Amino acid sequence: MLQPPVIALMTDFGLEDAFVGVMKGVIATICREARVIDLTHAISPQNVRQAAFHLDRSIAYFPDGTIFVSVIDPGVGTARRAIGVQAGPYFFIAPDNGLLTTIFKRWPEAKCHELTNANYQLANPSATFHGRDLFTPAAAHLAAGVPLEAFGPAINVAECARIELWQNTPLDNGNGWQGEVIATDHFGNLITSFEAGMLADGSNWQVTVGNSAPPLRIVRTYGEVEQGKPLAYIGSSGMIEIAIRNGNASAKLGVGDGDVVELCRGEFHARPAVG
Amino acid sequence: MLQPPVIALMTDFGLEDAFVGVMKGVIATICREARVIDLTHAISPQNVRQAAFHLDRSIAYFPDGTIFVSVIDPGVGTARRAIGVQAGPYFFIAPDNGLLTTIFKRWPEAKCHELTNANYQLANPSATFHGRDLFTPAAAHLAAGVPLEAFGPAINVAECARIELWQNTPLDNGNGWQGEVIATDHFGNLITSFEAGMLADGSNWQVTVGNSAPPLRIVRTYGEVEQGKPLAYIGSSGMIEIAIRNGNASAKLGVGDGDVVELCRGEFHARPAVG
Amino acid sequence: MLQPPVIALMTDFGLEDAFVGVMKGVIATICREARVIDLTHAISPQNVRQAAFHLDRSIAYFPDGTIFVSVIDPGVGTARRAIGVQAGPYFFIAPDNGLLTTIFKRWPEAKCHELTNANYQLANPSATFHGRDLFTPAAAHLAAGVPLEAFGPAINVAECARIELWQNTPLDNGNGWQGEVIATDHFGNLITSFEAGMLADGSNWQVTVGNSAPPLRIVRTYGEVEQGKPLAYIGSSGMIEIAIRNGNASAKLGVGDGDVVELCRGEFHARPAVG
């Protein structure tokens with residue numbers, strides 16, 4: 001039996017208004033059988049980079065064929081293109097503003113078409129809500145079986161917009177990296193730009209955040225430190241995270257998105273580690 | 001093949017508690033195949049007028065046959081009636097408190113029945129949560145095929161409650177209207193009571209909000225002004241909106257729901273326009 | 001025709017991140033036809049007791065066979081067990097941390113298995129996100145027809161963790177109880193630890209909250225007091241609640257979770273009642 005298609009939605013629209021509900025109404029009108037999943041609608045307004053991070057870290061948990069609709073779109077109504085992309089086992093519908101940078105990095109051979117065919121848009125699209133008028137109709141028609149080619153002219157993904165992603169720069173002493181906090185989650189946990197793979201050489205790696213806090217050894221989970229104490233660990237997103245056990249690290253340490261973090265071999269730290 | 005029915009939910013219940021989840025449990029018990037869509041659950045507590053606006057501006061994006069359940073119900077447990085309405089291609093389930101004012105205005109011939117039949121309510125309904133005990137059971141039974149007539153006695157919609165909607169009053173100089181901010185969205189954009197149709201004569205229309213801000217010309221989209229600058233445009237709801245490009249107009253201008261706005265032909269403004 | 005299975009989710013993950021969306025991606029991968037319902041994702045971080053209350057008061061509104069996944073899990077990654085439970089007409093998937101205390105109380109003969117079978121977990125589970133890697137995969141495999149026995153060894157529920165639930169202590173004068181506020185809802189209504197059944201003897205019961213407020217008689221619904229006035233009534237959860245009509249009782253009375261309340265026969269109150 002054919003499985004119903006899956007459409008995953010990510011926006012910066014919030015849930016206070018009817019924006020997301022209306023997008024789901026559009027999908028139900030075009031492709032009633034689609035399963036619609038909210039990835040999140042709480043991306044910070046116009047924060048394309050944050051959206052790119054969440055998308056990159058989420059896709060592996062969705063079934064093959066999932067259509068990801070991502071509408072973080074500061075350029076809505078301007079000349080920025082709308083694109084539909086087939087990459088690996090997935091489809092992506094988004095403005096061409098760099099939101100898919102990590103997707104293009106994973107799958108440089110991805111197939112991309114501009115979404116220009118008015119047959120697959122709402123009539124009289126607005127200049128400010130392409131999520132409703134253009135992106136979800138495209139996703140729903142794709143879910144209903146319209147081939148990607150039908151939506152508009154092919155684009156070479158090499159010509160699609162990219163954004164600068166999080167980067168780590170080597171420390172002067174050659175024994176680690178300086179990076180940044182790239183996201184803060186609901187619990188106040190700080191997600192850093194350090195990937196788990198950076199720990200692979202088995203050194204005594206330690207993480208420093210803020211100016212006054214002592215370096216933190218990498219532990220496996222919250223239970224390995226006392227209540228209220230800070231810890232560093234490989235988070236569920238595959239990045240190193242900093243948390244306070246049963247507490248809010250962002251609030252307690254006064255650290256947030258964009259703040260500097262350091263990953264350094266322990267023997268080169270001036271201060272003793274905790275955790 | 002028969003399409004599964006669609007039920008759209010709008011409440012002021014928020015998502016912190018289990019209220020909405022429980023309503024969906026009730027629907028799944030009665031009509032498992034229904035597709036349930038959250039329009040929004042963030043209507044300000046007891047704000048029937050705000051709910052009427054969101055409902056009015058959303059319905060066109062839903063498929064024919066959609067059953068809209070709206071529970072903003074300050075009179076729950078009192079003598080106010082619960083009603084089921086068939087209007088145009090849609091069904092509406094709501095308290096009879098004016099929430100459907102714009103629906104009755106669009107479809108004065110709508111069919112309306114009071115929801116009195118205890119067979120289509122939960123046993124021992126509470127006096128404070130008719131969303132769970134009365135409104136969603138009615139919607140789910142309707143979705144499952146029970147005809148509207150079966151729910152209770154017919155009511156002439158002319159006798160249903162109405163609320164006073166947003167209104168615009170002509171300016172003394174005869175060259176425009178005074179209106180109000182009727183909603184503020186997630187981005188801080190201000191939705192005014194001025195409908196797009198009011199611009200139809202092609203005049204040099206300008207919008208003023210607050211006391212000190214200069215009038216704003218109507219532009220097409222955000223990209224037409226510089227970052228951080230205010231603009232006025234026809235919003236996706238068909239009303240004129242005021243925004244700050246990549247900013248929060250409500251916060252920056254100190255303006256919110258109910259505040260006065262003015263739409264005036266530009267040559268009659270004392271101050272020069274921007275935007 | 002076989003009804004699609006229902007999975008109800010409750011977590012303390014919030015909706016700001018992609019945690020919940022990813023869990024739904026996992027379910028869609030394993031059991032596409034499952035209907036997923038969000039009970040709530042706004043449990044206070046690590047508040048197992050609050051979660052136990054919401055679960056206990058919600059299950060009756062869900063269809064037989066519903067699989068409740070509850071992930072409020074301060075001990076994630078430690079030795080605490082993960083369990084799958086069949087109790088009455090329902091299934092429960094949760095950490096063994098007392099979250100199911102009221103379920104075990106209702107159904108002491110419940111069947112319980114530890115979730116140890118790696119075939120029904122994601123490969124390489126993380127140490128911090130068992131909601132994604134262990135609990136939702138278990139729920140989805142259960143929904144897809146895997147029998148509970150297949151997930152791991154049987155556990156006697158008598159050996160499962162319990163938490164101390166809300167308790168009422170008799171007043172010294174023998175004419176009532178002292179209890180507590182066990183939850184505050186979206187409207188600011190205060191849900192007390194007093195169950196409706198405690199009023200059964202028909203006495204002139206009155207509720208006192210805070211130090212200065214006069215006792216409140218029990219009324220049936222909001223409409224029985226004036227706008228802005230406090231009232232006590234049997235709430236939709238079956239507990240006695242305290243509200244302000246069209247206002248926020250928690251804010252206005254300065255009362256919140258854990259605060260003391262008193263239920264007392266009226267003739268034994270020193271102060272006259274209102275409401």
# chains A, B, ... in the order shown; residues from 1 in each chain; ligands from 1

call {"tool": "residues_around", "arguments": {"residues": "Met198 of chain B", "least_positions_apart": "4", "cutoff": "10 Å", "atoms": "only C-alpha atoms", "output": "PyMOL selection string"}}
result
chain B and resi 176-177+194+202-203+205+239-240+263

call {"tool": "residues_around", "arguments": {"residues": "segment 43-48 of chain C", "least_positions_apart": "3", "cutoff": "12 Å", "atoms": "only C-alpha atoms", "output": "PyMOL selection string"}}
result
(chain A and resi 185-188+245-248) or (chain B and resi 15-18) or (chain C and resi 9-15+38-40+51-55+70-76+94-102+161-165+182-185+257)

call {"tool": "closest_atom_pairs", "arguments": {"of": "chain A", "to": "chain C", "cutoff": "6 Å", "atoms": "only C-alpha atoms", "output": "Markdown table"}}
result
| residue | atom | partner | partner_atom | distance |
| --- | --- | --- | --- | --- |
| A:Asp38 | CA | C:Gly21 | CA | 5.5 |
| A:Leu39 | CA | C:Gly21 | CA | 4.1 |
| A:Thr40 | CA | C:Ala18 | CA | 5.4 |
| A:Ala42 | CA | C:Glu16 | CA | 4.9 |
| A:Tyr61 | CA | C:Val26 | CA | 5.4 |
| A:Phe62 | CA | C:Gly25 | CA | 4.4 |
| A:Pro63 | CA | C:Thr29 | CA | 4.6 |
| A:Thr221 | CA | C:Gly77 | CA | 5.7 |
| A:Gly223 | CA | C:Thr78 | CA | 5.9 |
| A:Ser236 | CA | C:Ser126 | CA | 5.8 |

call {"tool": "calpha_fit_and_write", "arguments": {"fixed": "chain A", "moving": "chain C", "output": "CSV table (one decimal) with C-alpha atoms, in the first residue's frame"}}
result
chain,number,residue,atom,x,y,z
C,1,MET,CA,0.0,0.0,0.0
C,2,LEU,CA,1.2,3.5,-0.8
C,3,GLN,CA,2.3,5.5,2.3
C,4,PRO,CA,0.7,8.9,2.7
C,5,PRO,CA,3.3,11.7,1.9
C,6,VAL,CA,4.9,13.7,4.8
C,7,ILE,CA,5.3,17.4,4.8
C,8,ALA,CA,7.4,19.0,7.5
C,9,LEU,CA,6.9,22.7,8.2
C,10,MET,CA,9.5,25.2,9.7
C,11,THR,CA,8.8,28.9,9.9
C,12,ASP,CA,9.4,32.0,12.0
C,13,PHE,CA,5.6,32.7,12.1
C,14,GLY,CA,5.0,31.7,15.7
C,15,LEU,CA,1.7,30.1,16.8
C,16,GLU,CA,-0.1,33.3,18.0
C,17,ASP,CA,-1.7,34.1,14.7
C,18,ALA,CA,-3.5,31.9,12.2
C,19,PHE,CA,-0.6,31.9,9.7
C,20,VAL,CA,0.4,28.3,10.3
C,21,GLY,CA,-3.2,27.1,10.5
C,22,VAL,CA,-4.0,28.7,7.2
C,23,MET,CA,-0.9,27.0,5.6
C,24,LYS,CA,-2.3,23.7,6.7
C,25,GLY,CA,-5.7,24.6,5.3
C,26,VAL,CA,-4.0,25.2,2.0
C,27,ILE,CA,-2.3,21.8,2.2
C,28,ALA,CA,-5.6,20.0,3.1
C,29,THR,CA,-7.2,21.7,0.1
C,30,ILE,CA,-4.6,20.4,-2.4
C,31,CYS,CA,-3.5,17.1,-0.8
C,32,ARG,CA,-5.8,15.9,1.9
C,33,GLU,CA,-3.9,12.7,2.6
C,34,ALA,CA,-0.6,14.4,3.4
C,35,ARG,CA,0.7,14.0,7.0
C,36,VAL,CA,1.8,17.5,8.2
C,37,ILE,CA,4.5,17.7,10.9
C,38,ASP,CA,5.5,21.0,12.6
C,39,LEU,CA,9.3,21.0,12.8
C,40,THR,CA,9.1,24.3,14.6
C,41,HIS,CA,7.5,27.7,14.1
C,42,ALA,CA,9.6,29.5,16.7
C,43,ILE,CA,12.7,30.3,14.6
C,44,SER,CA,13.7,33.9,15.6
C,45,PRO,CA,12.2,36.3,13.2
C,46,GLN,CA,14.2,36.3,9.9
C,47,ASN,CA,17.0,34.2,11.4
C,48,VAL,CA,18.0,32.1,8.4
C,49,ARG,CA,21.1,30.8,10.0
C,50,GLN,CA,19.2,29.4,13.0
C,51,ALA,CA,16.7,27.7,10.7
C,52,ALA,CA,19.5,26.2,8.6
C,53,PHE,CA,20.9,24.6,11.8
C,54,HIS,CA,17.6,23.1,12.9
C,55,LEU,CA,16.9,21.8,9.4
C,56,ASP,CA,20.3,20.3,9.1
C,57,ARG,CA,20.1,18.5,12.4
C,58,SER,CA,16.5,17.2,11.9
C,59,ILE,CA,16.2,15.7,8.5
C,60,ALA,CA,17.8,12.4,9.3
C,61,TYR,CA,14.9,11.5,11.6
C,62,PHE,CA,12.3,11.9,8.9
C,63,PRO,CA,11.2,9.2,6.4
C,64,ASP,CA,12.5,9.1,2.8
C,65,GLY,CA,10.4,11.3,0.6
C,66,THR,CA,9.6,13.9,3.2
C,67,ILE,CA,9.0,17.4,1.8
C,68,PHE,CA,10.5,20.0,4.1
C,69,VAL,CA,8.9,23.5,3.7
C,70,SER,CA,11.1,26.2,5.3
C,71,VAL,CA,9.8,29.7,5.4
C,72,ILE,CA,12.2,32.1,7.0
C,73,ASP,CA,12.0,34.8,4.3
C,74,PRO,CA,13.1,38.3,5.0
C,75,GLY,CA,13.1,39.0,1.3
C,76,VAL,CA,9.5,38.0,0.7
C,77,GLY,CA,8.1,40.0,-2.2
C,78,THR,CA,11.5,41.0,-3.5
C,79,ALA,CA,13.3,39.4,-6.5
C,80,ARG,CA,14.7,36.5,-4.4
C,81,ARG,CA,13.8,33.3,-6.0
C,82,ALA,CA,11.6,30.5,-4.6
C,83,ILE,CA,13.1,27.1,-5.1
C,84,GLY,CA,12.2,23.4,-4.9
C,85,VAL,CA,15.1,21.0,-4.4
C,86,GLN,CA,15.4,17.2,-4.5
C,87,ALA,CA,18.5,16.2,-2.4
C,88,GLY,CA,19.2,12.7,-1.2
C,89,PRO,CA,16.0,11.1,-0.2
C,90,TYR,CA,14.3,14.4,0.6
C,91,PHE,CA,12.6,17.4,-1.0
C,92,PHE,CA,13.0,21.0,0.2
C,93,ILE,CA,10.8,24.0,-0.6
C,94,ALA,CA,12.3,27.4,0.5
C,95,PRO,CA,13.2,30.9,-0.5
C,96,ASP,CA,16.6,31.0,-2.2
C,97,ASN,CA,18.3,32.9,0.6
C,98,GLY,CA,20.9,30.4,2.0
C,99,LEU,CA,18.5,28.5,4.2
C,100,LEU,CA,19.5,25.3,2.3
C,101,THR,CA,23.3,25.9,2.6
C,102,THR,CA,23.9,22.8,4.6
C,103,ILE,CA,21.7,20.7,2.3
C,104,PHE,CA,23.7,21.8,-0.8
C,105,LYS,CA,26.9,21.0,1.1
C,106,ARG,CA,25.7,17.5,1.9
C,107,TRP,CA,24.3,16.9,-1.6
C,108,PRO,CA,26.1,19.1,-4.1
C,109,GLU,CA,24.4,17.2,-7.0
C,110,ALA,CA,20.9,18.1,-5.7
C,111,LYS,CA,18.3,18.9,-8.4
C,112,CYS,CA,16.8,22.4,-8.1
C,113,HIS,CA,13.9,24.1,-9.9
C,114,GLU,CA,12.6,27.6,-9.5
C,115,LEU,CA,9.0,27.8,-8.4
C,116,THR,CA,7.5,29.9,-11.1
C,117,ASN,CA,4.6,27.9,-12.5
C,118,ALA,CA,1.4,29.8,-11.5
C,119,ASN,CA,-0.6,26.7,-11.8
C,120,TYR,CA,0.9,25.5,-8.5
C,121,GLN,CA,0.5,28.8,-6.6
C,122,LEU,CA,-2.6,30.4,-5.2
C,123,ALA,CA,-4.3,32.9,-7.5
C,124,ASN,CA,-3.3,36.5,-6.8
C,125,PRO,CA,-0.5,35.7,-4.5
C,126,SER,CA,0.2,38.4,-1.8
C,127,ALA,CA,3.5,40.2,-1.7
C,128,THR,CA,4.1,39.3,2.0
C,129,PHE,CA,2.9,35.8,2.7
C,130,HIS,CA,4.5,33.4,0.3
C,131,GLY,CA,4.3,30.7,2.9
C,132,ARG,CA,0.6,30.5,2.2
C,133,ASP,CA,0.4,31.6,-1.4
C,134,LEU,CA,3.5,29.9,-2.9
C,135,PHE,CA,5.5,27.6,-0.7
C,136,THR,CA,2.8,25.3,0.8
C,137,PRO,CA,0.9,25.1,-2.4
C,138,ALA,CA,4.1,23.9,-4.1
C,139,ALA,CA,4.7,21.3,-1.3
C,140,ALA,CA,1.2,20.0,-1.5
C,141,HIS,CA,1.2,19.7,-5.3
C,142,LEU,CA,4.6,17.9,-5.0
C,143,ALA,CA,3.0,15.6,-2.3
C,144,ALA,CA,0.1,15.0,-4.7
C,145,GLY,CA,2.5,13.8,-7.4
C,146,VAL,CA,3.4,16.7,-9.5
C,147,PRO,CA,7.0,16.2,-10.7
C,148,LEU,CA,9.6,18.8,-9.6
C,149,GLU,CA,10.4,19.7,-13.2
C,150,ALA,CA,6.8,21.0,-13.7
C,151,PHE,CA,7.3,23.8,-11.2
C,152,GLY,CA,9.7,25.9,-13.3
C,153,PRO,CA,13.1,26.1,-14.9
C,154,ALA,CA,16.1,24.1,-13.6
C,155,ILE,CA,18.7,26.0,-11.6
C,156,ASN,CA,22.2,24.8,-10.9
C,157,VAL,CA,22.5,24.6,-7.2
C,158,ALA,CA,26.0,26.1,-7.4
C,159,GLU,CA,24.2,29.3,-8.2
C,160,CYS,CA,21.9,29.2,-5.2
C,161,ALA,CA,22.4,31.5,-2.3
C,162,ARG,CA,24.6,30.4,0.6
C,163,ILE,CA,25.1,31.8,4.1
C,164,GLU,CA,28.1,31.8,6.2
C,165,LEU,CA,27.7,29.0,8.7
C,166,TRP,CA,29.1,28.6,12.2
C,167,GLN,CA,32.9,28.3,12.0
C,168,ASN,CA,35.7,27.4,14.4
C,169,THR,CA,39.1,29.0,14.3
C,170,PRO,CA,42.2,27.3,15.6
C,171,LEU,CA,43.6,28.6,18.8
C,172,ASP,CA,47.0,30.4,18.6
C,173,ASN,CA,48.5,27.6,20.8
C,174,GLY,CA,47.5,25.0,18.3
C,175,ASN,CA,45.7,23.0,20.9
C,176,GLY,CA,42.1,23.7,20.2
C,177,TRP,CA,39.5,25.9,18.6
C,178,GLN,CA,37.5,29.0,19.3
C,179,GLY,CA,33.8,28.7,18.3
C,180,GLU,CA,30.5,30.1,19.3
C,181,VAL,CA,27.1,29.3,20.8
C,182,ILE,CA,24.9,28.6,17.8
C,183,ALA,CA,21.6,28.0,19.6
C,184,THR,CA,20.1,28.0,23.0
C,185,ASP,CA,17.3,25.4,23.6
C,186,HIS,CA,14.2,25.4,25.7
C,187,PHE,CA,16.0,24.2,28.8
C,188,GLY,CA,18.7,26.9,28.4
C,189,ASN,CA,21.3,24.4,27.2
C,190,LEU,CA,24.0,26.0,25.0
C,191,ILE,CA,24.6,24.3,21.7
C,192,THR,CA,28.1,25.1,20.5
C,193,SER,CA,29.7,25.1,17.0
C,194,PHE,CA,32.0,22.1,18.1
C,195,GLU,CA,31.0,18.9,16.4
C,196,ALA,CA,31.4,15.6,18.3
C,197,GLY,CA,34.0,14.4,15.7
C,198,MET,CA,36.4,17.1,16.9
C,199,LEU,CA,36.9,15.0,20.1
C,200,ALA,CA,38.0,11.9,18.0
C,201,ASP,CA,41.7,11.9,19.0
C,202,GLY,CA,40.9,11.0,22.5
C,203,SER,CA,42.6,14.0,24.1
C,204,ASN,CA,41.6,15.4,27.4
C,205,TRP,CA,39.2,18.0,25.7
C,206,GLN,CA,37.7,20.7,27.8
C,207,VAL,CA,35.2,23.5,27.0
C,208,THR,CA,35.3,27.0,28.3
C,209,VAL,CA,32.4,29.4,28.0
C,210,GLY,CA,32.4,33.0,29.4
C,211,ASN,CA,35.3,34.6,31.0
C,212,SER,CA,35.2,33.5,34.6
C,213,ALA,CA,33.9,29.9,34.4
C,214,PRO,CA,36.4,27.1,34.8
C,215,PRO,CA,36.9,24.7,31.9
C,216,LEU,CA,34.5,21.8,31.7
C,217,ARG,CA,35.5,18.2,31.0
C,218,ILE,CA,33.2,16.4,28.5
C,219,VAL,CA,30.9,14.0,30.4
C,220,ARG,CA,28.3,11.6,28.9
C,221,THR,CA,25.1,12.8,30.5
C,222,TYR,CA,23.5,15.2,33.1
C,223,GLY,CA,23.5,12.6,35.9
C,224,GLU,CA,27.3,12.6,36.0
C,225,VAL,CA,27.5,16.0,37.8
C,226,GLU,CA,25.7,17.3,40.9
C,227,GLN,CA,22.4,19.1,40.8
C,228,GLY,CA,22.9,22.7,39.7
C,229,LYS,CA,26.4,22.1,38.4
C,230,PRO,CA,27.6,22.9,34.8
C,231,LEU,CA,28.6,20.2,32.4
C,232,ALA,CA,29.7,19.8,28.8
C,233,TYR,CA,28.6,16.7,26.7
C,234,ILE,CA,27.9,15.6,23.2
C,235,GLY,CA,24.3,16.8,22.7
C,236,SER,CA,21.6,15.0,20.8
C,237,SER,CA,22.3,17.2,17.8
C,238,GLY,CA,25.8,15.9,17.5
C,239,MET,CA,27.3,19.1,18.7
C,240,ILE,CA,29.0,19.7,22.1
C,241,GLU,CA,26.5,21.4,24.5
C,242,ILE,CA,26.9,23.1,27.8
C,243,ALA,CA,24.2,22.7,30.4
C,244,ILE,CA,23.4,23.1,34.1
C,245,ARG,CA,22.0,19.9,35.6
C,246,ASN,CA,18.3,20.6,36.3
C,247,GLY,CA,19.0,24.2,35.7
C,248,ASN,CA,19.2,26.8,32.9
C,249,ALA,CA,22.7,27.3,31.7
C,250,SER,CA,22.0,30.3,29.5
C,251,ALA,CA,20.3,32.2,32.4
C,252,LYS,CA,22.8,31.1,35.1
C,253,LEU,CA,26.0,31.7,33.0
C,254,GLY,CA,24.6,34.8,31.2
C,255,VAL,CA,25.6,33.3,27.9
C,256,GLY,CA,23.6,33.1,24.7
C,257,ASP,CA,23.6,32.8,20.9
C,258,GLY,CA,26.8,34.1,19.3
C,259,ASP,CA,28.9,34.1,22.5
C,260,VAL,CA,32.4,32.8,22.3
C,261,VAL,CA,33.3,29.3,23.4
C,262,GLU,CA,36.6,27.5,23.4
C,263,LEU,CA,37.5,23.8,23.0
C,264,CYS,CA,41.0,23.1,24.2
C,265,ARG,CA,43.2,20.1,25.3
C,266,GLY,CA,43.0,20.2,29.1
C,267,GLU,CA,46.7,20.2,29.8
C,268,PHE,CA,47.0,23.6,28.1
C,269,HIS,CA,44.4,25.3,30.2
C,270,ALA,CA,45.7,27.6,32.9
C,271,ARG,CA,42.8,26.9,35.1
C,272,PRO,CA,41.8,23.5,36.5
C,273,ALA,CA,38.7,21.9,35.1
C,274,VAL,CA,35.5,20.9,36.8
C,275,GLY,CA,32.7,18.4,35.9
